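Raw coords14.cif, mmCIF, N, CA and C atoms:
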```
data_model
loop_
_atom_site.label_atom_id
_atom_site.label_comp_id
_atom_site.auth_asym_id
_atom_site.auth_seq_id
_atom_site.Cartn_x
_atom_site.Cartn_y
_atom_site.Cartn_z
N MET U 11 202.71 -48.09 131.56
CA MET U 11 202.72 -48.57 130.21
C MET U 11 202.70 -50.10 130.18
N ARG U 12 203.49 -50.68 131.10
CA ARG U 12 203.55 -52.14 131.14
C ARG U 12 202.19 -52.72 131.51
N ARG U 13 201.51 -52.09 132.44
CA ARG U 13 200.21 -52.57 132.88
C ARG U 13 199.20 -52.46 131.74
N ARG U 14 199.24 -51.39 131.00
CA ARG U 14 198.32 -51.19 129.89
C ARG U 14 198.57 -52.23 128.80
N PHE U 15 199.84 -52.54 128.51
CA PHE U 15 200.18 -53.53 127.50
C PHE U 15 199.65 -54.91 127.90
N GLY U 16 199.78 -55.28 129.16
CA GLY U 16 199.28 -56.56 129.66
C GLY U 16 197.78 -56.66 129.52
N TRP U 17 197.09 -55.57 129.79
CA TRP U 17 195.64 -55.56 129.66
C TRP U 17 195.23 -55.71 128.20
N LEU U 18 195.92 -55.01 127.29
CA LEU U 18 195.62 -55.12 125.86
C LEU U 18 195.90 -56.53 125.34
N LEU U 19 197.03 -57.12 125.78
CA LEU U 19 197.37 -58.47 125.36
C LEU U 19 196.32 -59.47 125.86
N GLY U 20 195.89 -59.33 127.10
CA GLY U 20 194.85 -60.20 127.67
C GLY U 20 193.54 -60.07 126.91
N ALA U 21 193.15 -58.83 126.58
CA ALA U 21 191.91 -58.59 125.85
C ALA U 21 191.99 -59.19 124.44
N ALA U 22 193.17 -59.06 123.81
CA ALA U 22 193.35 -59.61 122.47
C ALA U 22 193.27 -61.14 122.49
N LEU U 23 193.89 -61.76 123.48
CA LEU U 23 193.83 -63.22 123.58
C LEU U 23 192.41 -63.71 123.84
N LEU U 24 191.68 -63.01 124.69
CA LEU U 24 190.29 -63.37 124.97
C LEU U 24 189.44 -63.24 123.72
N ALA U 25 189.63 -62.16 122.96
CA ALA U 25 188.86 -61.96 121.73
C ALA U 25 189.18 -63.05 120.71
N ALA U 26 190.46 -63.43 120.62
CA ALA U 26 190.85 -64.48 119.68
C ALA U 26 190.23 -65.82 120.08
N ALA U 27 190.21 -66.10 121.38
CA ALA U 27 189.63 -67.36 121.85
C ALA U 27 188.13 -67.41 121.58
N VAL U 28 187.44 -66.32 121.85
CA VAL U 28 185.99 -66.26 121.60
C VAL U 28 185.72 -66.37 120.11
N GLY U 29 186.52 -65.69 119.29
CA GLY U 29 186.35 -65.75 117.85
C GLY U 29 186.57 -67.15 117.32
N ALA U 30 187.56 -67.85 117.84
CA ALA U 30 187.84 -69.21 117.39
C ALA U 30 186.68 -70.14 117.74
N CYS U 31 186.11 -69.95 118.92
CA CYS U 31 184.98 -70.78 119.33
C CYS U 31 183.76 -70.49 118.46
N ALA U 32 183.57 -69.23 118.10
CA ALA U 32 182.42 -68.86 117.29
C ALA U 32 182.54 -69.40 115.87
N ASP U 33 183.78 -69.56 115.37
CA ASP U 33 183.98 -70.06 114.02
C ASP U 33 183.73 -71.56 113.90
N GLU U 34 183.81 -72.29 115.01
CA GLU U 34 183.61 -73.72 114.95
C GLU U 34 182.13 -74.03 114.70
N ALA U 35 181.89 -74.85 113.67
CA ALA U 35 180.51 -75.24 113.38
C ALA U 35 180.12 -76.33 114.37
N PRO U 36 178.89 -76.26 114.86
CA PRO U 36 178.46 -77.33 115.77
C PRO U 36 178.43 -78.65 115.02
N SER U 37 178.88 -79.68 115.69
CA SER U 37 178.90 -80.98 115.03
C SER U 37 177.47 -81.51 114.96
N PRO U 38 177.06 -82.00 113.76
CA PRO U 38 175.69 -82.50 113.63
C PRO U 38 175.51 -83.77 114.45
N SER U 39 174.33 -83.87 115.03
CA SER U 39 174.06 -85.07 115.81
C SER U 39 173.76 -86.21 114.84
N PRO U 40 174.20 -87.40 115.15
CA PRO U 40 173.97 -88.52 114.23
C PRO U 40 172.48 -88.80 114.11
N ARG U 41 172.06 -89.09 112.90
CA ARG U 41 170.65 -89.40 112.65
C ARG U 41 170.40 -90.86 113.03
N PRO U 42 169.24 -91.12 113.59
CA PRO U 42 168.92 -92.52 113.90
C PRO U 42 168.72 -93.30 112.61
N SER U 43 168.96 -94.59 112.66
CA SER U 43 168.73 -95.45 111.50
C SER U 43 167.24 -95.47 111.20
N PRO U 44 166.89 -95.53 109.91
CA PRO U 44 165.46 -95.60 109.59
C PRO U 44 164.85 -96.90 110.08
N SER U 45 163.57 -96.85 110.41
CA SER U 45 162.89 -98.09 110.81
C SER U 45 162.70 -98.94 109.56
N LEU U 46 162.74 -100.24 109.73
CA LEU U 46 162.63 -101.17 108.61
C LEU U 46 161.55 -102.19 108.92
N THR U 47 160.61 -102.35 107.99
CA THR U 47 159.56 -103.34 108.09
C THR U 47 159.67 -104.25 106.88
N CYS U 48 159.78 -105.54 107.12
CA CYS U 48 159.90 -106.52 106.04
C CYS U 48 158.74 -107.50 106.08
N GLN U 49 157.99 -107.53 105.01
CA GLN U 49 156.91 -108.52 104.88
C GLN U 49 157.55 -109.87 104.56
N GLY U 50 157.06 -110.92 105.17
CA GLY U 50 157.57 -112.26 104.88
C GLY U 50 157.16 -112.71 103.49
N PRO U 51 157.94 -113.61 102.90
CA PRO U 51 157.61 -114.06 101.55
C PRO U 51 156.33 -114.89 101.54
N PRO U 52 155.56 -114.77 100.47
CA PRO U 52 154.35 -115.60 100.37
C PRO U 52 154.73 -117.05 100.11
N THR U 53 153.89 -117.95 100.53
CA THR U 53 154.08 -119.36 100.21
C THR U 53 153.14 -119.69 99.06
N VAL U 54 153.73 -120.06 97.95
CA VAL U 54 152.94 -120.36 96.75
C VAL U 54 153.24 -121.79 96.33
N THR U 55 152.18 -122.55 96.14
CA THR U 55 152.35 -123.93 95.68
C THR U 55 151.65 -124.12 94.35
N LEU U 56 152.21 -124.99 93.56
CA LEU U 56 151.61 -125.38 92.28
C LEU U 56 151.25 -126.85 92.36
N THR U 57 150.16 -127.21 91.75
CA THR U 57 149.74 -128.62 91.71
C THR U 57 149.83 -129.08 90.26
N ASP U 58 150.56 -130.16 90.03
CA ASP U 58 150.68 -130.68 88.66
C ASP U 58 149.47 -131.57 88.33
N ALA U 59 149.47 -132.11 87.12
CA ALA U 59 148.33 -132.92 86.65
C ALA U 59 148.13 -134.17 87.50
N ALA U 60 149.19 -134.65 88.13
CA ALA U 60 149.09 -135.86 88.96
C ALA U 60 148.65 -135.52 90.39
N GLY U 61 148.45 -134.25 90.68
CA GLY U 61 148.02 -133.84 92.01
C GLY U 61 149.16 -133.59 92.99
N ARG U 62 150.39 -133.62 92.51
CA ARG U 62 151.54 -133.35 93.39
C ARG U 62 151.74 -131.85 93.52
N GLU U 63 151.94 -131.42 94.76
CA GLU U 63 152.19 -130.00 95.00
C GLU U 63 153.69 -129.73 95.09
N SER U 64 154.08 -128.59 94.56
CA SER U 64 155.47 -128.16 94.71
C SER U 64 155.46 -126.68 95.08
N ILE U 65 156.41 -126.30 95.91
CA ILE U 65 156.52 -124.91 96.35
C ILE U 65 157.30 -124.12 95.30
N VAL U 66 156.77 -122.98 94.95
CA VAL U 66 157.44 -122.09 94.00
C VAL U 66 158.53 -121.34 94.74
N PRO U 67 159.78 -121.43 94.26
CA PRO U 67 160.87 -120.72 94.96
C PRO U 67 160.78 -119.21 94.76
N ILE U 68 160.99 -118.51 95.85
CA ILE U 68 161.01 -117.04 95.81
C ILE U 68 162.40 -116.62 96.22
N THR U 69 163.11 -115.97 95.30
CA THR U 69 164.50 -115.61 95.56
C THR U 69 164.67 -114.19 96.07
N LEU U 70 163.67 -113.35 95.88
CA LEU U 70 163.76 -111.96 96.34
C LEU U 70 163.70 -111.92 97.87
N THR U 71 164.60 -111.16 98.48
CA THR U 71 164.58 -111.00 99.94
C THR U 71 164.52 -109.52 100.30
N CYS U 72 164.11 -109.24 101.49
CA CYS U 72 164.05 -107.87 101.98
C CYS U 72 165.44 -107.23 101.98
N ASP U 73 166.43 -107.95 102.51
CA ASP U 73 167.79 -107.41 102.57
C ASP U 73 168.31 -107.06 101.18
N ALA U 74 168.07 -107.93 100.20
CA ALA U 74 168.54 -107.67 98.84
C ALA U 74 167.81 -106.47 98.23
N ALA U 75 166.52 -106.34 98.54
CA ALA U 75 165.76 -105.21 98.01
C ALA U 75 166.29 -103.88 98.56
N ILE U 76 166.57 -103.85 99.86
CA ILE U 76 167.10 -102.62 100.48
C ILE U 76 168.49 -102.33 99.92
N ALA U 77 169.30 -103.36 99.72
CA ALA U 77 170.65 -103.17 99.16
C ALA U 77 170.57 -102.61 97.74
N ALA U 78 169.58 -103.06 96.96
CA ALA U 78 169.42 -102.56 95.59
C ALA U 78 169.10 -101.07 95.57
N LEU U 79 168.53 -100.57 96.66
CA LEU U 79 168.20 -99.14 96.75
C LEU U 79 169.39 -98.28 97.17
N GLY U 80 170.48 -98.90 97.58
CA GLY U 80 171.63 -98.17 98.12
C GLY U 80 171.99 -96.91 97.38
N PRO U 81 172.30 -96.96 96.08
CA PRO U 81 172.68 -95.74 95.36
C PRO U 81 171.57 -94.69 95.34
N ALA U 82 170.32 -95.12 95.22
CA ALA U 82 169.21 -94.16 95.20
C ALA U 82 169.05 -93.50 96.56
N LEU U 83 169.24 -94.25 97.65
CA LEU U 83 169.11 -93.67 98.99
C LEU U 83 170.27 -92.74 99.31
N ALA U 84 171.43 -93.00 98.71
CA ALA U 84 172.59 -92.14 98.96
C ALA U 84 172.35 -90.73 98.44
N SER U 85 171.54 -90.60 97.40
CA SER U 85 171.25 -89.27 96.85
C SER U 85 169.82 -88.85 97.16
N ALA U 86 169.29 -89.34 98.27
CA ALA U 86 167.90 -89.05 98.66
C ALA U 86 167.72 -87.56 98.93
N PRO U 87 166.50 -87.05 98.69
CA PRO U 87 166.23 -85.63 98.88
C PRO U 87 166.21 -85.18 100.34
N ALA U 88 166.10 -86.13 101.24
CA ALA U 88 166.00 -85.80 102.67
C ALA U 88 166.35 -87.06 103.47
N PRO U 89 166.55 -86.93 104.78
CA PRO U 89 166.82 -88.11 105.59
C PRO U 89 165.67 -89.12 105.53
N VAL U 90 166.02 -90.39 105.48
CA VAL U 90 165.03 -91.47 105.40
C VAL U 90 164.54 -91.80 106.81
N LEU U 91 163.22 -91.79 106.99
CA LEU U 91 162.62 -92.14 108.29
C LEU U 91 162.29 -93.62 108.38
N SER U 92 161.75 -94.18 107.26
CA SER U 92 161.36 -95.59 107.31
C SER U 92 161.41 -96.22 105.92
N LEU U 93 161.60 -97.53 105.94
CA LEU U 93 161.60 -98.37 104.74
C LEU U 93 160.65 -99.52 105.00
N GLU U 94 159.73 -99.77 104.05
CA GLU U 94 158.76 -100.85 104.21
C GLU U 94 158.78 -101.71 102.96
N PHE U 95 159.22 -102.96 103.11
CA PHE U 95 159.33 -103.87 101.97
C PHE U 95 158.13 -104.81 101.92
N GLY U 96 157.66 -105.06 100.70
CA GLY U 96 156.59 -106.03 100.49
C GLY U 96 156.77 -106.74 99.16
N TYR U 97 156.11 -107.87 99.00
CA TYR U 97 156.18 -108.64 97.76
C TYR U 97 155.06 -108.24 96.82
N GLY U 98 155.28 -108.44 95.52
CA GLY U 98 154.28 -108.11 94.52
C GLY U 98 154.35 -106.65 94.17
N ARG U 99 153.24 -106.12 93.71
CA ARG U 99 153.22 -104.69 93.38
C ARG U 99 152.60 -103.91 94.53
N TYR U 100 152.98 -102.65 94.62
CA TYR U 100 152.51 -101.80 95.71
C TYR U 100 151.03 -101.49 95.53
N CYS U 101 150.28 -101.61 96.62
CA CYS U 101 148.87 -101.25 96.64
C CYS U 101 148.68 -100.23 97.75
N PRO U 102 148.40 -98.97 97.40
CA PRO U 102 148.27 -97.93 98.43
C PRO U 102 147.16 -98.24 99.43
N PRO U 103 147.34 -97.77 100.66
CA PRO U 103 146.30 -97.97 101.67
C PRO U 103 144.97 -97.40 101.20
N GLY U 104 143.90 -98.13 101.46
CA GLY U 104 142.57 -97.66 101.11
C GLY U 104 142.17 -97.94 99.67
N ARG U 105 143.03 -98.57 98.90
CA ARG U 105 142.71 -98.89 97.51
C ARG U 105 142.49 -100.39 97.36
N ARG U 106 141.71 -100.76 96.38
CA ARG U 106 141.51 -102.18 96.06
C ARG U 106 142.42 -102.50 94.88
N CYS U 107 143.23 -103.52 95.05
CA CYS U 107 144.17 -103.91 93.99
C CYS U 107 143.87 -105.34 93.59
N GLY U 108 144.31 -105.69 92.40
CA GLY U 108 144.08 -107.03 91.88
C GLY U 108 144.81 -108.09 92.67
N PRO U 109 144.56 -109.35 92.33
CA PRO U 109 145.20 -110.45 93.05
C PRO U 109 146.71 -110.48 92.80
N PHE U 110 147.40 -111.18 93.68
CA PHE U 110 148.85 -111.36 93.57
C PHE U 110 149.11 -112.21 92.34
N ALA U 111 149.88 -111.71 91.40
CA ALA U 111 150.13 -112.43 90.14
C ALA U 111 151.35 -113.33 90.26
N MET U 112 151.29 -114.48 89.60
CA MET U 112 152.41 -115.43 89.64
C MET U 112 153.68 -114.82 89.08
N ASP U 113 153.56 -113.95 88.08
CA ASP U 113 154.76 -113.36 87.49
C ASP U 113 155.38 -112.29 88.39
N ALA U 114 154.73 -111.98 89.48
CA ALA U 114 155.25 -110.97 90.40
C ALA U 114 155.89 -111.58 91.64
N LEU U 115 156.11 -112.90 91.64
CA LEU U 115 156.65 -113.55 92.83
C LEU U 115 158.03 -113.05 93.21
N ASN U 116 158.85 -112.72 92.23
CA ASN U 116 160.18 -112.22 92.52
C ASN U 116 160.29 -110.73 92.20
N THR U 117 159.17 -110.05 92.45
CA THR U 117 159.10 -108.60 92.33
C THR U 117 158.57 -108.08 93.66
N GLY U 118 159.04 -106.94 94.06
CA GLY U 118 158.57 -106.35 95.30
C GLY U 118 158.65 -104.84 95.25
N TYR U 119 158.34 -104.24 96.36
CA TYR U 119 158.37 -102.78 96.45
C TYR U 119 158.94 -102.38 97.81
N VAL U 120 159.46 -101.17 97.84
CA VAL U 120 159.93 -100.58 99.09
C VAL U 120 159.32 -99.18 99.17
N VAL U 121 158.54 -98.95 100.22
CA VAL U 121 157.99 -97.62 100.46
C VAL U 121 159.03 -96.86 101.29
N VAL U 122 159.48 -95.74 100.77
CA VAL U 122 160.52 -94.95 101.42
C VAL U 122 159.89 -93.66 101.93
N THR U 123 159.87 -93.51 103.26
CA THR U 123 159.30 -92.31 103.87
C THR U 123 160.45 -91.41 104.29
N PHE U 124 160.38 -90.15 103.86
CA PHE U 124 161.42 -89.17 104.14
C PHE U 124 160.97 -88.16 105.18
N GLU U 125 161.93 -87.50 105.78
CA GLU U 125 161.64 -86.40 106.70
C GLU U 125 161.45 -85.14 105.86
N GLY U 126 160.23 -84.63 105.81
CA GLY U 126 159.95 -83.38 105.11
C GLY U 126 159.98 -83.46 103.60
N ALA U 127 159.86 -84.64 103.02
CA ALA U 127 159.83 -84.80 101.57
C ALA U 127 158.78 -85.86 101.23
N PRO U 128 158.27 -85.84 99.99
CA PRO U 128 157.23 -86.80 99.62
C PRO U 128 157.71 -88.25 99.70
N THR U 129 156.80 -89.13 100.08
CA THR U 129 157.07 -90.57 100.13
C THR U 129 157.25 -91.08 98.70
N GLN U 130 158.19 -92.02 98.56
CA GLN U 130 158.44 -92.63 97.25
C GLN U 130 158.28 -94.13 97.35
N VAL U 131 157.97 -94.75 96.21
CA VAL U 131 157.84 -96.20 96.13
C VAL U 131 158.83 -96.70 95.09
N ALA U 132 159.69 -97.61 95.51
CA ALA U 132 160.65 -98.22 94.60
C ALA U 132 160.17 -99.62 94.26
N THR U 133 160.28 -99.98 93.00
CA THR U 133 159.96 -101.34 92.56
C THR U 133 161.27 -102.07 92.34
N VAL U 134 161.39 -103.25 92.92
CA VAL U 134 162.60 -104.05 92.79
C VAL U 134 162.22 -105.42 92.24
N GLY U 135 163.19 -106.09 91.66
CA GLY U 135 162.93 -107.42 91.13
C GLY U 135 164.24 -108.16 90.94
N THR U 136 164.13 -109.40 90.52
CA THR U 136 165.34 -110.17 90.24
C THR U 136 165.47 -110.32 88.73
N ASP U 137 166.71 -110.16 88.26
CA ASP U 137 166.95 -110.33 86.83
C ASP U 137 167.20 -111.80 86.51
N ALA U 138 167.54 -112.10 85.26
CA ALA U 138 167.72 -113.48 84.82
C ALA U 138 168.82 -114.21 85.59
N SER U 139 169.80 -113.45 86.11
CA SER U 139 170.89 -114.09 86.85
C SER U 139 170.57 -114.25 88.33
N GLY U 140 169.40 -113.77 88.76
CA GLY U 140 169.02 -113.87 90.17
C GLY U 140 169.45 -112.67 91.00
N GLN U 141 170.07 -111.67 90.36
CA GLN U 141 170.51 -110.45 91.04
C GLN U 141 169.30 -109.55 91.30
N THR U 142 169.20 -108.99 92.49
CA THR U 142 168.12 -108.06 92.79
C THR U 142 168.49 -106.68 92.27
N ILE U 143 167.59 -106.07 91.52
CA ILE U 143 167.86 -104.77 90.90
C ILE U 143 166.71 -103.81 91.16
N LEU U 144 167.03 -102.53 91.11
CA LEU U 144 166.02 -101.47 91.22
C LEU U 144 165.41 -101.29 89.83
N LEU U 145 164.10 -101.47 89.73
CA LEU U 145 163.42 -101.34 88.44
C LEU U 145 162.88 -99.95 88.22
N ASN U 146 162.40 -99.32 89.28
CA ASN U 146 161.75 -98.03 89.14
C ASN U 146 161.63 -97.39 90.51
N ILE U 147 161.61 -96.07 90.54
CA ILE U 147 161.30 -95.35 91.78
C ILE U 147 160.48 -94.13 91.40
N GLU U 148 159.38 -93.93 92.12
CA GLU U 148 158.46 -92.83 91.80
C GLU U 148 157.77 -92.35 93.06
N LEU U 149 157.10 -91.21 92.95
CA LEU U 149 156.34 -90.70 94.09
C LEU U 149 155.20 -91.64 94.41
N ALA U 150 154.93 -91.84 95.68
CA ALA U 150 153.81 -92.69 96.09
C ALA U 150 152.51 -92.02 95.67
N PRO U 151 151.56 -92.80 95.19
CA PRO U 151 150.26 -92.20 94.83
C PRO U 151 149.58 -91.68 96.10
N PRO U 152 148.81 -90.63 95.95
CA PRO U 152 148.12 -90.10 97.14
C PRO U 152 147.09 -91.10 97.65
N GLU U 153 146.89 -91.08 98.95
CA GLU U 153 145.86 -91.93 99.52
C GLU U 153 144.50 -91.38 99.13
N PRO U 154 143.53 -92.26 98.87
CA PRO U 154 142.22 -91.76 98.45
C PRO U 154 141.54 -90.99 99.57
N SER U 155 140.79 -90.00 99.17
CA SER U 155 140.01 -89.26 100.17
C SER U 155 138.54 -89.57 99.91
N PHE U 156 137.84 -89.83 100.98
CA PHE U 156 136.43 -90.18 100.85
C PHE U 156 135.60 -88.99 101.29
N VAL U 157 134.72 -88.57 100.43
CA VAL U 157 133.86 -87.44 100.72
C VAL U 157 132.49 -87.99 101.11
N ARG U 158 131.97 -87.48 102.21
CA ARG U 158 130.64 -87.93 102.65
C ARG U 158 129.59 -87.01 102.18
#
```
Can the structure from this file be put into structure tokens for me?
Amino acid sequence: MRRRFGWLLGAALLAAAVGACADEAPSPSPRPSPSLTCQGPPTVTLTDAAGRESIVPITLTCDAAIAALGPALASAPAPVLSLEFGYGRYCPPGRRCGPFAMDALNTGYVVVTFEGAPTQVATVGTDASGQTILLNIELAPPEPSFVR
């Protein structure tokens, strides 16, 4: 009887240990940081009536643009693979867009590429106080397809 009890106790302990291990959820592996590409600011000069040139200050920065996206990225539909910042308005690859406008100097865009979700384009800008803010976020337009 004693031997049988020891065997049952051993089997019960083994089953409990296996069950406890099976209940543990595997810890998720940390996701790599998204790649970041930052376009440098354009250099824009104005010439006055006397012929003197002055550089137009550009206050928008890549870091500030990415920071302005913080809340939107926190509720992203999927993990972010890459962020690409540029100045002016977004012009999709393969499309012809108008010239860089003076009123867009402190406006930019961030192309956000997700894992398994559609790419989005965020428009950022600086408000009257110089604070960088998120103006809009929408799905990226499809790239044009050329039919031969």
Original post:
Quick one: distance from atom C of Ala84 in chain U to atom C of Gly126 in chain U in Å, one decimal?
Top reply: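 Value for the atom C of Ala84 in chain U-atom C of Gly126 in chain U distance: 15.2 Å.
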Original post:
Which value, in Å to one decimal, gives the distance between CA of Leu70 in chain U and atom N of Ser45 in chain U?
Top reply: 20.6 Å
Subject >> Between atom C of Cys101 in chain U and atom N of Asn116 in chain U, distance in Å (one decimal) >> reply: 17.0 Å
Subject >> Spatial neighbours of range 139-155 of chain U, max dist 6 Å, only N, CA and C atoms, sep filter under 3 positions, as a list in words >> reply: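 Everything that qualifies: Ala74, Ala78, Pro103, Gly104, Thr129, Gln130, Val131, Ala132, Thr133, Val134, Gly135 and Thr136 of chain U.
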So that I can see what lies close to Cys48 in chain U, please list as a tab-separated table (two decimals) with N, CA and C atoms, keeping the file's coordinate frame the residues with an atom at most 8 Å from it, counting all atoms listed in the file and leaving out residues fewer than 4 positions away in the same chain.
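Produced file result38.tsv, reproduced below:
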```tsv
chain	number	residue	atom	x	y	z
U	71	THR	N	164.60	-111.16	98.48
U	71	THR	CA	164.58	-111.00	99.94
U	71	THR	C	164.52	-109.52	100.30
U	72	CYS	N	164.11	-109.24	101.49
U	72	CYS	CA	164.05	-107.87	101.98
U	72	CYS	C	165.44	-107.23	101.98
U	73	ASP	N	166.43	-107.95	102.51
U	73	ASP	CA	167.79	-107.41	102.57
U	73	ASP	C	168.31	-107.06	101.18
U	93	LEU	N	161.60	-97.53	105.94
U	93	LEU	CA	161.60	-98.37	104.74
U	93	LEU	C	160.65	-99.52	105.00
U	94	GLU	N	159.73	-99.77	104.05
U	94	GLU	CA	158.76	-100.85	104.21
U	94	GLU	C	158.78	-101.71	102.96
U	95	PHE	N	159.22	-102.96	103.11
U	95	PHE	CA	159.33	-103.87	101.97
U	95	PHE	C	158.13	-104.81	101.92
U	96	GLY	N	157.66	-105.06	100.70
U	96	GLY	CA	156.59	-106.03	100.49
U	96	GLY	C	156.77	-106.74	99.16
U	97	TYR	N	156.11	-107.87	99.00
U	97	TYR	CA	156.18	-108.64	97.76
U	97	TYR	C	155.06	-108.24	96.82
```
Subject >> the PyMOL selection byres ((chain U and resi 68) around 8) applied to the shown file, residues as an NGL selection string >> reply: :U and (51-52 or 54 or 65-67 or 69-71 or 115-117)
Subject >> Picked residues, the PyMOL selection byres ((chain U and resi 123) around 5), expected as a VMD selection string >> reply: chain U and resid 90 to 92 121 to 122 124 to 125 129
